[in-house]
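Participant: Got a file for you: upload_25.txt, compact mmCIF, C-alpha atoms.
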```txt
# COMPACT_ATOMS: atom_id res chain seq x y z
CA MET A 780 -17.73 -15.03 -6.44
CA ASN A 781 -18.53 -11.48 -7.55
CA ASN A 782 -19.05 -10.52 -3.90
CA TRP A 783 -15.63 -11.86 -2.93
CA ILE A 784 -14.01 -10.06 -5.86
CA LEU A 785 -15.70 -6.87 -4.66
CA ALA A 786 -14.38 -7.46 -1.14
CA SER A 787 -10.87 -8.08 -2.52
CA ARG A 788 -10.75 -4.45 -3.74
CA LEU A 789 -8.64 -5.16 -6.79
CA LYS A 790 -7.95 -1.45 -7.26
CA THR A 791 -5.84 -1.50 -4.06
CA LEU A 792 -3.50 -4.20 -5.36
CA PRO A 793 -1.02 -1.75 -6.94
CA ALA A 794 0.06 -0.92 -3.39
CA ALA A 795 1.13 -4.57 -2.96
CA ILE A 796 2.47 -5.16 -6.47
CA SER A 797 4.50 -1.96 -6.91
CA PRO A 798 7.17 -2.47 -4.20
CA VAL A 799 7.76 -6.04 -5.36
CA LEU A 800 8.15 -4.78 -8.92
CA VAL A 801 10.75 -2.20 -7.87
CA GLY A 802 12.64 -4.63 -5.61
CA VAL A 803 12.84 -7.22 -8.38
CA SER A 804 13.92 -4.58 -10.91
CA LEU A 805 16.75 -3.50 -8.63
CA ALA A 806 17.78 -7.16 -8.43
CA ILE A 807 17.81 -7.33 -12.25
CA HIS A 808 19.94 -4.19 -12.28
CA ASP A 809 22.40 -5.83 -9.89
CA GLY A 810 22.41 -9.20 -11.70
CA GLU A 811 20.59 -11.02 -8.89
CA PHE A 812 17.25 -11.83 -10.57
CA LYS A 813 15.54 -15.09 -9.57
CA PRO A 814 12.22 -15.42 -11.46
CA PHE A 815 10.43 -18.05 -9.35
CA ILE A 816 11.28 -16.34 -6.07
CA ALA A 817 10.01 -13.09 -7.59
CA PHE A 818 6.72 -14.74 -8.53
CA MET A 819 6.26 -16.23 -5.06
CA THR A 820 7.07 -12.89 -3.43
CA LEU A 821 4.46 -11.20 -5.59
CA LEU A 822 1.90 -13.89 -4.74
CA ALA A 823 2.53 -13.50 -1.00
CA ALA A 824 2.23 -9.72 -1.23
CA VAL A 825 -1.08 -9.90 -3.12
CA LEU A 826 -2.54 -12.46 -0.70
CA ILE A 827 -1.60 -10.36 2.33
CA GLN A 828 -3.16 -7.29 0.70
CA ILE A 829 -6.40 -9.13 -0.03
CA GLY A 830 -6.45 -10.55 3.50
CA ALA A 831 -5.95 -7.04 4.86
CA ASN A 832 -8.87 -5.81 2.73
CA PHE A 833 -11.09 -8.56 4.11
CA ALA A 834 -10.04 -7.67 7.66
CA ASN A 835 -10.68 -3.98 7.02
CA ASP A 836 -14.09 -4.78 5.55
CA VAL A 837 -15.34 -6.84 8.48
CA TYR A 838 -13.76 -4.92 11.38
CA ASP A 839 -14.85 -1.51 10.10
CA PHE A 840 -18.38 -2.89 9.93
CA LEU A 841 -18.24 -4.39 13.41
CA LYS A 842 -16.86 -1.14 14.85
CA GLY A 843 -19.58 0.88 13.14
CA SER A 844 -17.27 2.83 10.84
CA ASP A 845 -18.90 1.59 7.64
CA ARG A 846 -22.15 3.48 7.85
CA GLU A 847 -24.92 3.87 5.32
CA ASP A 848 -23.75 7.43 4.63
CA ARG A 849 -20.19 6.42 3.69
CA LEU A 850 -18.89 7.96 0.47
CA GLY A 851 -16.52 5.21 -0.60
CA PRO A 852 -17.16 2.15 -2.79
CA THR A 853 -19.52 -0.58 -1.62
CA ARG A 854 -18.27 -2.66 1.28
CA ALA A 855 -19.27 -6.32 1.14
CA THR A 856 -20.02 -6.78 4.86
CA GLN A 857 -21.75 -3.44 5.43
CA SER A 858 -23.99 -3.93 2.40
CA GLY A 859 -24.98 -7.44 3.50
CA LEU A 860 -23.37 -9.22 0.57
CA ILE A 861 -21.10 -11.30 2.83
CA PRO A 862 -21.98 -12.02 6.50
CA PRO A 863 -19.29 -11.01 9.06
CA GLU A 864 -18.57 -14.60 10.09
CA ASN A 865 -18.00 -15.60 6.45
CA MET A 866 -15.74 -12.59 5.88
CA LYS A 867 -13.65 -13.61 8.89
CA LYS A 868 -13.36 -17.14 7.49
CA GLY A 869 -12.32 -15.72 4.13
CA MET A 870 -9.73 -13.52 5.84
CA CYS A 871 -8.28 -16.51 7.71
CA LEU A 872 -8.21 -18.61 4.53
CA VAL A 873 -6.35 -15.96 2.53
CA PHE A 874 -3.84 -15.37 5.32
CA ALA A 875 -3.35 -19.15 5.59
CA MET A 876 -2.57 -19.24 1.87
CA ALA A 877 -0.10 -16.38 2.37
CA ILE A 878 1.59 -18.32 5.17
CA CYS A 879 1.89 -21.38 2.92
CA VAL A 880 3.68 -19.28 0.33
CA GLY A 881 5.68 -17.80 3.19
CA PHE A 882 7.05 -21.23 4.13
CA TYR A 883 8.84 -21.35 0.79
CA LEU A 884 10.07 -17.76 1.05
CA ALA A 885 11.28 -18.41 4.61
CA SER A 886 13.30 -21.36 3.33
CA ILE A 887 15.06 -18.87 1.06
CA GLY A 888 15.37 -15.87 3.36
CA GLY A 889 15.37 -17.42 6.82
CA TRP A 890 14.10 -15.82 10.02
CA PRO A 891 14.02 -12.22 8.73
CA ILE A 892 11.33 -13.24 6.23
CA VAL A 893 9.42 -15.13 8.93
CA TRP A 894 9.25 -12.04 11.11
CA ILE A 895 8.40 -9.73 8.20
CA GLY A 896 5.59 -12.05 7.11
CA LEU A 897 4.13 -12.45 10.59
CA ALA A 898 4.41 -8.72 11.29
CA SER A 899 2.69 -7.93 7.99
CA ILE A 900 -0.26 -10.21 8.76
CA ALA A 901 -0.51 -9.05 12.37
CA SER A 902 -0.45 -5.40 11.28
CA ALA A 903 -3.01 -6.04 8.55
CA ILE A 904 -5.42 -7.32 11.20
CA ALA A 905 -4.46 -4.74 13.82
CA TYR A 906 -5.04 -1.91 11.33
CA THR A 907 -8.78 -2.02 12.01
CA GLY A 908 -9.14 -4.95 14.43
CA GLY A 909 -8.08 -5.71 17.97
CA PRO A 910 -8.22 -3.57 21.11
CA TYR A 911 -6.07 -0.77 19.63
CA PRO A 912 -6.76 -0.54 15.87
CA LEU A 913 -3.91 1.41 14.29
CA GLY A 914 -6.10 3.08 11.68
CA TYR A 915 -8.45 4.41 14.37
CA HIS A 916 -5.68 6.19 16.25
CA GLY A 917 -3.88 8.01 13.46
CA TRP A 918 -1.12 5.45 12.90
CA GLY A 919 -2.30 4.32 9.48
CA ASP A 920 0.00 6.68 7.58
CA VAL A 921 3.08 5.46 9.44
CA PHE A 922 2.05 1.82 9.05
CA VAL A 923 1.54 2.15 5.29
CA PHE A 924 4.78 4.08 4.74
CA ILE A 925 6.83 1.48 6.58
CA PHE A 926 5.27 -1.76 5.34
CA PHE A 927 4.55 -0.76 1.74
CA GLY A 928 7.83 1.03 1.31
CA ILE A 929 10.90 0.61 3.45
CA ILE A 930 10.09 -3.00 4.32
CA ALA A 931 8.49 -4.29 1.11
CA VAL A 932 11.16 -3.13 -1.36
CA PRO A 933 14.25 -4.14 0.68
CA GLY A 934 12.48 -7.36 1.69
CA THR A 935 11.89 -8.24 -1.96
CA TYR A 936 15.48 -7.40 -2.83
CA TYR A 937 16.73 -9.47 0.11
CA LEU A 938 14.90 -12.53 -1.19
CA GLN A 939 16.56 -12.04 -4.57
CA SER A 940 20.10 -11.26 -3.43
CA GLY A 941 20.45 -12.36 0.19
CA ILE A 942 21.33 -8.83 1.35
CA VAL A 943 19.58 -5.56 2.15
CA SER A 944 21.31 -2.83 0.19
CA TYR A 945 21.27 0.89 0.90
CA ASP A 946 19.76 1.45 -2.55
CA SER A 947 16.87 -0.93 -1.81
CA ILE A 948 16.02 1.03 1.33
CA LEU A 949 16.15 4.34 -0.52
CA LEU A 950 13.96 3.00 -3.34
CA GLY A 951 11.42 1.89 -0.76
CA ILE A 952 10.87 5.49 0.33
CA PRO A 953 9.01 6.75 -2.80
CA LEU A 954 6.86 3.60 -2.85
CA GLY A 955 5.93 4.10 0.80
CA ALA A 956 5.21 7.77 0.16
CA LEU A 957 2.84 7.11 -2.75
CA SER A 958 1.08 4.29 -0.90
CA THR A 959 0.56 6.74 1.96
CA ALA A 960 -0.84 9.24 -0.55
CA ILE A 961 -3.55 6.72 -1.43
CA LEU A 962 -4.50 6.43 2.24
CA ILE A 963 -4.49 10.21 2.61
CA VAL A 964 -7.15 10.59 -0.10
CA ASN A 965 -9.21 7.82 1.50
CA ASN A 966 -9.06 9.47 4.93
CA LEU A 967 -9.77 12.92 3.50
CA ARG A 968 -12.90 11.61 1.77
CA ASP A 969 -14.14 9.86 4.93
CA ALA A 970 -13.15 12.54 7.46
CA ASP A 971 -16.67 13.77 8.17
CA THR A 972 -18.14 10.30 8.69
CA ASP A 973 -15.06 9.12 10.62
CA ILE A 974 -15.70 11.84 13.19
CA LYS A 975 -19.13 10.33 13.86
CA SER A 976 -17.56 6.87 14.21
CA ASP A 977 -14.73 8.08 16.48
CA LYS A 978 -12.16 6.96 13.90
CA ARG A 979 -9.28 9.33 14.65
CA THR A 980 -7.29 9.38 11.42
CA LEU A 981 -4.88 12.24 10.77
CA ALA A 982 -7.57 13.93 8.68
CA VAL A 983 -9.74 13.96 11.81
CA ARG A 984 -7.01 14.71 14.32
CA LEU A 985 -5.15 17.42 12.42
CA GLY A 986 -7.71 18.54 9.88
CA LYS A 987 -8.25 18.40 6.15
CA PRO A 988 -5.76 21.20 5.30
CA PHE A 989 -3.00 19.24 7.03
CA VAL A 990 -3.53 16.01 5.07
CA LYS A 991 -3.74 17.95 1.81
CA ILE A 992 -0.28 19.35 2.52
CA GLU A 993 0.81 15.85 3.56
CA TYR A 994 -0.28 14.60 0.13
CA ILE A 995 1.94 17.20 -1.54
CA VAL A 996 4.85 16.19 0.69
CA MET A 997 4.42 12.54 -0.26
CA MET A 998 4.50 13.47 -3.96
CA VAL A 999 7.66 15.54 -3.45
CA ILE A 1000 9.34 12.69 -1.58
CA ALA A 1001 8.44 10.29 -4.38
CA PHE A 1002 10.26 12.37 -6.99
CA ALA A 1003 13.07 13.66 -4.79
CA THR A 1004 14.35 10.26 -3.65
CA PRO A 1005 15.30 8.83 -7.09
CA ILE A 1006 16.87 12.19 -7.99
CA TYR A 1007 18.92 11.96 -4.78
CA ILE A 1008 20.00 8.43 -5.72
CA LEU A 1009 21.25 9.73 -9.06
CA GLN A 1010 23.85 11.77 -7.21
CA PHE A 1011 25.67 8.48 -6.58
CA TRP A 1012 24.89 6.63 -9.83
CA ASP A 1013 26.39 7.21 -13.26
CA GLU A 1014 23.16 6.09 -14.91
CA PHE A 1015 20.50 8.68 -15.62
CA SER A 1016 17.68 6.42 -16.76
CA LEU A 1017 15.82 7.04 -13.48
CA TYR A 1018 14.97 10.51 -14.80
CA ILE A 1019 12.26 8.74 -16.80
CA ILE A 1020 9.99 9.23 -13.77
CA LEU A 1021 9.92 12.98 -14.47
CA PHE A 1022 7.44 12.28 -17.26
CA LEU A 1023 4.91 11.75 -14.46
CA LEU A 1024 5.54 15.11 -12.79
CA PRO A 1025 2.76 16.98 -14.66
CA ILE A 1026 0.32 14.20 -13.77
CA SER A 1027 1.22 14.48 -10.09
CA ILE A 1028 0.46 18.21 -10.24
CA GLN A 1029 -2.94 17.43 -11.75
CA HIS A 1030 -3.69 15.02 -8.91
CA ILE A 1031 -2.74 17.67 -6.35
CA GLN A 1032 -5.05 20.16 -8.03
CA SER A 1033 -7.86 17.58 -8.02
CA LEU A 1034 -7.34 16.95 -4.31
CA TYR A 1035 -7.86 20.64 -3.61
CA THR A 1036 -10.85 21.12 -5.91
CA LYS A 1037 -12.88 17.94 -5.38
CA THR A 1038 -14.86 16.91 -2.33
CA GLY A 1039 -17.12 14.09 -1.19
CA GLU A 1040 -17.68 11.23 -3.59
CA ALA A 1041 -15.64 13.02 -6.26
CA LEU A 1042 -12.56 12.12 -4.23
CA ASN A 1043 -13.12 8.48 -5.20
CA GLU A 1044 -11.79 9.45 -8.62
CA VAL A 1045 -8.71 11.02 -7.04
CA LEU A 1046 -8.23 7.86 -4.98
CA VAL A 1047 -8.27 5.64 -8.07
CA ASP A 1048 -6.00 8.05 -9.96
CA THR A 1049 -3.49 8.05 -7.09
CA ALA A 1050 -3.42 4.24 -7.04
CA LYS A 1051 -2.84 4.23 -10.80
CA PHE A 1052 -0.13 6.84 -10.35
CA LEU A 1053 1.65 4.60 -7.84
CA PHE A 1054 1.65 1.73 -10.32
CA HIS A 1055 2.79 3.87 -13.25
CA PHE A 1056 5.51 5.42 -11.07
CA SER A 1057 6.78 1.99 -10.00
CA LEU A 1058 6.64 0.80 -13.61
CA LEU A 1059 8.71 3.71 -14.92
CA LEU A 1060 11.08 3.47 -11.96
CA SER A 1061 11.54 -0.22 -12.68
CA ILE A 1062 12.21 0.46 -16.36
CA GLY A 1063 14.77 3.07 -15.33
CA LEU A 1064 16.48 0.55 -13.05
CA ILE A 1065 16.59 -2.16 -15.73
CA LEU A 1066 17.87 0.19 -18.43
```
Taking this structure as input, can you express it in the form of structure tokens?
Facilitator:
Amino acid sequence: MNNWILASRLKTLPAAISPVLVGVSLAIHDGEFKPFIAFMTLLAAVLIQIGANFANDVYDFLKGSDREDRLGPTRATQSGLIPPENMKKGMCLVFAMAICVGFYLASIGGWPIVWIGLASIASAIAYTGGPYPLGYHGWGDVFVFIFFGIIAVPGTYYLQSGIVSYDSILLGIPLGALSTAILIVNNLRDADTDIKSDKRTLAVRLGKPFVKIEYIVMMVIAFATPIYILQFWDEFSLYIILFLLPISIQHIQSLYTKTGEALNEVLVDTAKFLFHFSLLLSIGLIL
């Protein structure tokens, strides 16, 4: 069980939980909150994230990307803790569980939820698997921004309210940006070994200086979007997110000063930042 918990990469779950939290909070703000649907949405999001982690674990190993000299945390397949065939079975089981939850959500949201769910699972597998793995060709940043931001938040809100509002799309942008920031740190840390494995992330294609600037841009987007929204709202509670501005500056400084395995700390801190940002943003929406 400990091996499967390791493979689940619990520290990545904020990327799945945060957009659901914000989408539900917007629904509470608009008087559309439905608790059980919110719980099932969260469950589906977590299952898809874990399934994606399993897929990433096994396909990176099979493609030779998870080498003995990798700097990241232990991978279950690469380290021999879980055989590849068992990891694939675990991946299929978790995705099957997600689909079961999806049947209920589809009964609420109809065909749009069916297509979102299927696209999410297909993209989770195609990120590192299949003939054209997205993460190996520099599309990971776009994939994460779209699915963890401008699809996840409006999709959650749609299940609560039956509509996709302009505000739900806008609020998806900072969540997508911060989720992308997590991936940026991961790719920056692995850039040197990814070159050897022919994994062409943006850090490999465009260089480390580029993705460091990209990280700053993602942070700016995260703070700028809620401030832009406030131009149309009479409520100013969203300014609560500004308490996190000094912390974001610290993370940027760490990204520029740390290298190698030390970036694992920046990776964890960025994931925590995403969750804290979504938590404060949600509080601002509810207030």
Participant: Counting all atoms listed in the file, which residues of stretch 867-926 of chain A fall within 10 Å of stretch 947-954 of chain A, and what is the closest atom pair for each with its distance in Å at one decimal, ordered by chain and rising number, as a Markdown table?
Facilitator:
```
| residue | atom | partner | partner_atom | distance |
| --- | --- | --- | --- | --- |
| A:Val923 | CA | A:Leu954 | CA | 9.8 |
| A:Phe924 | CA | A:Ile952 | CA | 7.7 |
| A:Ile925 | CA | A:Ile952 | CA | 8.5 |
| A:Phe926 | CA | A:Gly951 | CA | 9.4 |
```
Participant: Which of these, A:Asp836, A:Asp1048, A:Glu1040, A:Asp920, has the shortest distance to A:Pro793 once you count only C-alpha atoms?
Facilitator: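 Among A:Asp836, A:Asp1048, A:Glu1040, A:Asp920, it is A:Asp1048 that comes nearest to A:Pro793.
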Participant: My list of candidates is A:Val837, A:Leu1064, A:Ile961, A:Cys871. Which is closest to A:Val1045 when distances are computed with all atoms listed in the file?
Facilitator: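 So, comparing all the options, the nearest one is A:Ile961.
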Participant: Using all atoms listed in the file, which protein or nucleic acid residues come within 12 Å of A:Ala1041? Drop anything in the same chain fewer than 6 positions from it, and give the result as a ChimeraX atom specification.
Facilitator: /A:850-852,964-965,967-969,1033-1035,1047-1048
Participant: Which residues, written as a ChimeraX atom specification, have at least one atom at most 7 Å from A:Ser787, with only C-alpha atoms counted and residues fewer than 6 positions away on the same chain left out?
Facilitator: /A:829,832-833
Participant: Go through A:Ile942, A:Ile1008, A:Ala831, A:Ala931 one by one, measure the shortest atom-to-atom distance of each to A:Ala877 using all atoms listed in the file, and give the residue with the smallest value.
Facilitator: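 The answer is A:Ala831, which sits nearest to A:Ala877.
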Participant: Quick one: of A:Cys879, A:Leu821, A:Met866, A:Val803, who's nearest to A:Phe840, counting only C-alpha atoms?
Facilitator: A:Met866
Participant: Given the choices A:Ile1031, A:Asp971, A:Gln828, A:Gly802, which gets closest to A:Leu789 if the distance is worked out from all atoms listed in the file?
Facilitator: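 The answer is A:Gln828, which sits nearest to A:Leu789.
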Participant: So which one's closest to A:Leu800, A:Gly941, A:Gly914, A:Gly928, A:Gly986? Using all atoms listed in the file, please.
Facilitator: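 Among A:Gly941, A:Gly914, A:Gly928, A:Gly986, it is A:Gly928 that comes nearest to A:Leu800.
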Participant: Just to confirm, what's the straight-line distance from atom CA of A:Gly859 to atom CA of A:Trp783 in Å (one decimal)?
Facilitator: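 Atom-to-atom, atom CA of A:Gly859 to atom CA of A:Trp783, that is 12.2 Å.
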Participant: Separation of atom CA of A:Thr935 and atom CA of A:Tyr838, in Å?
Facilitator: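 Between atom CA of A:Thr935 and atom CA of A:Tyr838 the gap is 29.1 Å.
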Participant: How many Å lie between atom CA of A:Asn781 and atom CA of A:Gln857, rounded to one decimal?
Facilitator: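 Computed distance, atom CA of A:Asn781 to atom CA of A:Gln857, equals 15.6 Å.
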Participant: Adding 6 Å on each side of the box along x, y and z that holds all listed atoms of stretch 880-894 of chain A, could you give its centre and edge lengths in Å to one decimal, as JSON?
Facilitator:
```
{"center_x": 9.5, "center_y": -16.7, "center_z": 5.7, "size_x": 23.7, "size_y": 21.3, "size_z": 22.8}
```
Participant: What lies within 10 Å of A:Asp977 using only C-alpha atoms, ignoring chain neighbours under 3 positions off, as JSON, numbers by chain?
Facilitator: {"A": [842, 843, 844, 915, 916, 972, 973, 974, 980, 983]}
Participant: For A:Ile796, work out the shell of residues within 10 Å, counting all atoms listed in the file and skipping chain neighbours fewer than 4 positions away, then give it as an NGL selection string.
Facilitator: :A and (791-792 or 800-801 or 820-825 or 828 or 927 or 931 or 1053-1054 or 1057)
Participant: Can you pull out every residue within 7 Å of stretch 896-913 of chain A, counting only C-alpha atoms, but drop anything in the same chain fewer than 6 positions away, and send it as a ChimeraX atom specification?
Facilitator: /A:827,831,834-835,838-839,881,919
Participant: Mind completing stretch 822-834 of chain A with N, CA and C atoms? Output as an mmCIF file, in the frame of the given file, please?
Facilitator:
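What ended up in result30.cif:
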```cif
data_model
loop_
_atom_site.group_PDB
_atom_site.id
_atom_site.type_symbol
_atom_site.label_atom_id
_atom_site.label_comp_id
_atom_site.auth_asym_id
_atom_site.auth_seq_id
_atom_site.Cartn_x
_atom_site.Cartn_y
_atom_site.Cartn_z
ATOM 1 N N LEU A 822 3.096 -13.173 -5.172
ATOM 2 C CA LEU A 822 1.900 -13.890 -4.740
ATOM 3 C C LEU A 822 1.642 -13.659 -3.258
ATOM 4 N N ALA A 823 2.683 -13.730 -2.439
ATOM 5 C CA ALA A 823 2.530 -13.500 -1.000
ATOM 6 C C ALA A 823 2.043 -12.086 -0.722
ATOM 7 N N ALA A 824 2.605 -11.114 -1.434
ATOM 8 C CA ALA A 824 2.230 -9.720 -1.230
ATOM 9 C C ALA A 824 0.759 -9.486 -1.578
ATOM 10 N N VAL A 825 0.316 -10.058 -2.688
ATOM 11 C CA VAL A 825 -1.080 -9.900 -3.120
ATOM 12 C C VAL A 825 -2.029 -10.566 -2.125
ATOM 13 N N LEU A 826 -1.681 -11.757 -1.654
ATOM 14 C CA LEU A 826 -2.540 -12.460 -0.700
ATOM 15 C C LEU A 826 -2.657 -11.686 0.620
ATOM 16 N N ILE A 827 -1.558 -11.132 1.087
ATOM 17 C CA ILE A 827 -1.600 -10.360 2.330
ATOM 18 C C ILE A 827 -2.454 -9.107 2.140
ATOM 19 N N GLN A 828 -2.348 -8.473 0.967
ATOM 20 C CA GLN A 828 -3.160 -7.290 0.700
ATOM 21 C C GLN A 828 -4.652 -7.626 0.680
ATOM 22 N N ILE A 829 -4.995 -8.722 0.022
ATOM 23 C CA ILE A 829 -6.400 -9.130 -0.030
ATOM 24 C C ILE A 829 -6.901 -9.501 1.368
ATOM 25 N N GLY A 830 -6.081 -10.221 2.132
ATOM 26 C CA GLY A 830 -6.450 -10.550 3.500
ATOM 27 C C GLY A 830 -6.661 -9.305 4.350
ATOM 28 N N ALA A 831 -5.804 -8.307 4.137
ATOM 29 C CA ALA A 831 -5.950 -7.040 4.860
ATOM 30 C C ALA A 831 -7.252 -6.341 4.466
ATOM 31 N N ASN A 832 -7.608 -6.413 3.183
ATOM 32 C CA ASN A 832 -8.870 -5.810 2.730
ATOM 33 C C ASN A 832 -10.072 -6.496 3.354
ATOM 34 N N PHE A 833 -10.008 -7.825 3.454
ATOM 35 C CA PHE A 833 -11.090 -8.560 4.110
ATOM 36 C C PHE A 833 -11.209 -8.149 5.585
ATOM 37 N N ALA A 834 -10.042 -8.055 6.255
ATOM 38 C CA ALA A 834 -10.040 -7.670 7.660
ATOM 39 C C ALA A 834 -10.603 -6.261 7.832
#
```
